[in-house]
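Below is one structure, written out as structure tokens; the observations come after it.
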Amino acid sequence: TQAMPKVDISKVNTLCKLLECLLLTKGGPDLKQDPAKLHPLVATTFCFCYLWSIGGNIVDSNWDAFDTFVRQQFDEVPEAKLPNVGDLWGCYMDFDMKRMDTWERIIPTFRYNKEVPFFEMLVPTTDTVRFGYLLEKLLQVNQSVLYTGGTGVGKSVIAKGLLTGIADSANYVPIFINFSAQTSSNRTQ
């Protein structure tokens, strides 16, 4: 079940953009290395991108079924080195280790700052790291991003935190406009 209807070509476009940002931008693999070492890395990266581009829009209750589906699809692809434990949603592509690794390894330590208002604090979790990582990668290749999810899950806080954090280095000037269920199109205009 999709959180929001999405046409197939949009999923393919997202897949291509994720592959582009992971394989062709700074921090990606050395594409000139021995093909025997490169092929498993590209195959595993494709699996990661496939998971998030095709399944990133499904509701959380379907994540387990989609994880199983992806694993079955890539069972016969020996180059795709998928983790044996945990789920695929809990992993990211670590090009230093040349494998999928858990998000928990890159969750930064929370440091309390009494100067930051309570509602602007972002306590790093697997979800904040996961969705921040995907947003940052897709922004590197000028791909638009839309977060879906229930009220209060932190979509706006994650986006605001990441955009504020990378504003200087990425030459962004973030401007935030808050919307709610009560915001009409006329009021927005």
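Residue numbering restarts at 1 for every chain of the structure tokens, chains are lettered A, B, ... in their displayed order, and ligands are numbered from 1 as they appear.
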Counting only C-alpha atoms, give me one row per residue of region 144-184 of chain A with an atom at most 10 Å from an atom of region 125-137 of chain A, showing the shortest contact pair and its distance in Å to one decimal, sorted by chain then residue number, as CSV.
```
residue,atom,partner,partner_atom,distance
A:Ser144,CA,A:Leu135,CA,8.6
A:Val145,CA,A:Leu135,CA,6.6
A:Leu146,CA,A:Leu135,CA,9.1
A:Tyr147,CA,A:Phe131,CA,8.5
A:Val153,CA,A:Asp127,CA,9.3
A:Gly154,CA,A:Thr128,CA,7.9
A:Lys155,CA,A:Phe131,CA,8.5
A:Val157,CA,A:Thr128,CA,8.7
A:Ile158,CA,A:Thr128,CA,5.9
A:Ala159,CA,A:Gly132,CA,6.9
A:Lys160,CA,A:Gly132,CA,9.7
A:Gly161,CA,A:Gly132,CA,8.4
A:Leu162,CA,A:Gly132,CA,6.1
A:Leu163,CA,A:Glu136,CA,8.3
A:Ile166,CA,A:Glu136,CA,8.4
A:Ala170,CA,A:Glu136,CA,9.9
```
Write out as a list in words which residues come within 7 Å of region 1-7 of chain A when counting only C-alpha atoms, dropping same-chain ones fewer than 6 positions away.
->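 So, after excluding close chain neighbours, the residues are Asn57, Ile58, Val59, Asn62 and Thr148 of chain A.
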Residues flagged helix (DSSP H, G or I) by DSSP in chain A, as a ChimeraX atom specification = /A:8-23,35-55,60-73,88-90,103-106,118-120,126-140,155-166,185-188
Write out as a list in words the residues lying within 12 Å of Asn113 (chain A), counting only C-alpha atoms and excluding same-chain residues fewer than 6 positions away.
->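 The filter keeps Glu120, Met121, Leu122 and Val123 of chain A.
The spacing separating CA of Glu104 (chain A) from CA of Asp168 (chain A) amounts to 26.4 Å.
Using only C-alpha atoms, the nearest neighbour of Gly150 (chain A) within the list A:Leu22, A:Leu138, A:Asp60, A:Arg187 is A:Asp60.
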Best match for closeness to Asp8 (chain A) among A:Ser53, A:Ala181, A:Trp103, A:Asp64, counting only C-alpha atoms | A:Ser53
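When CA of Ile54 (chain A) is paired with CA of Trp89 (chain A), their separation reads 12.5 Å.
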May I have all residues of region 82-179 of chain A that DSSP, computed from the backbone, assigns to strand (DSSP E), given as a PDB file with C-alpha atoms, in the first residue's frame?
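File written: part.pdb
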```pdb
ATOM      1  CA  CYS A  91      20.887  -0.452   6.374  1.00  0.00           C
ATOM      2  CA  TYR A  92      22.686   2.103   4.241  1.00  0.00           C
ATOM      3  CA  MET A  93      25.496   1.813   1.700  1.00  0.00           C
ATOM      4  CA  ASP A  94      28.864   2.181   3.396  1.00  0.00           C
ATOM      5  CA  ARG A  99      28.835  -3.238   2.098  1.00  0.00           C
ATOM      6  CA  MET A 100      25.442  -2.398   3.535  1.00  0.00           C
ATOM      7  CA  ASP A 101      25.786  -1.442   7.196  1.00  0.00           C
ATOM      8  CA  THR A 102      23.289  -0.472   9.903  1.00  0.00           C
TER       9      THR A 102
END
```
Can you tell me how far CA of Ala36 (chain A) sits from CA of Leu18 (chain A), in Å to one decimal?
->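 Between CA of Ala36 (chain A) and CA of Leu18 (chain A) the gap is 22.6 Å.
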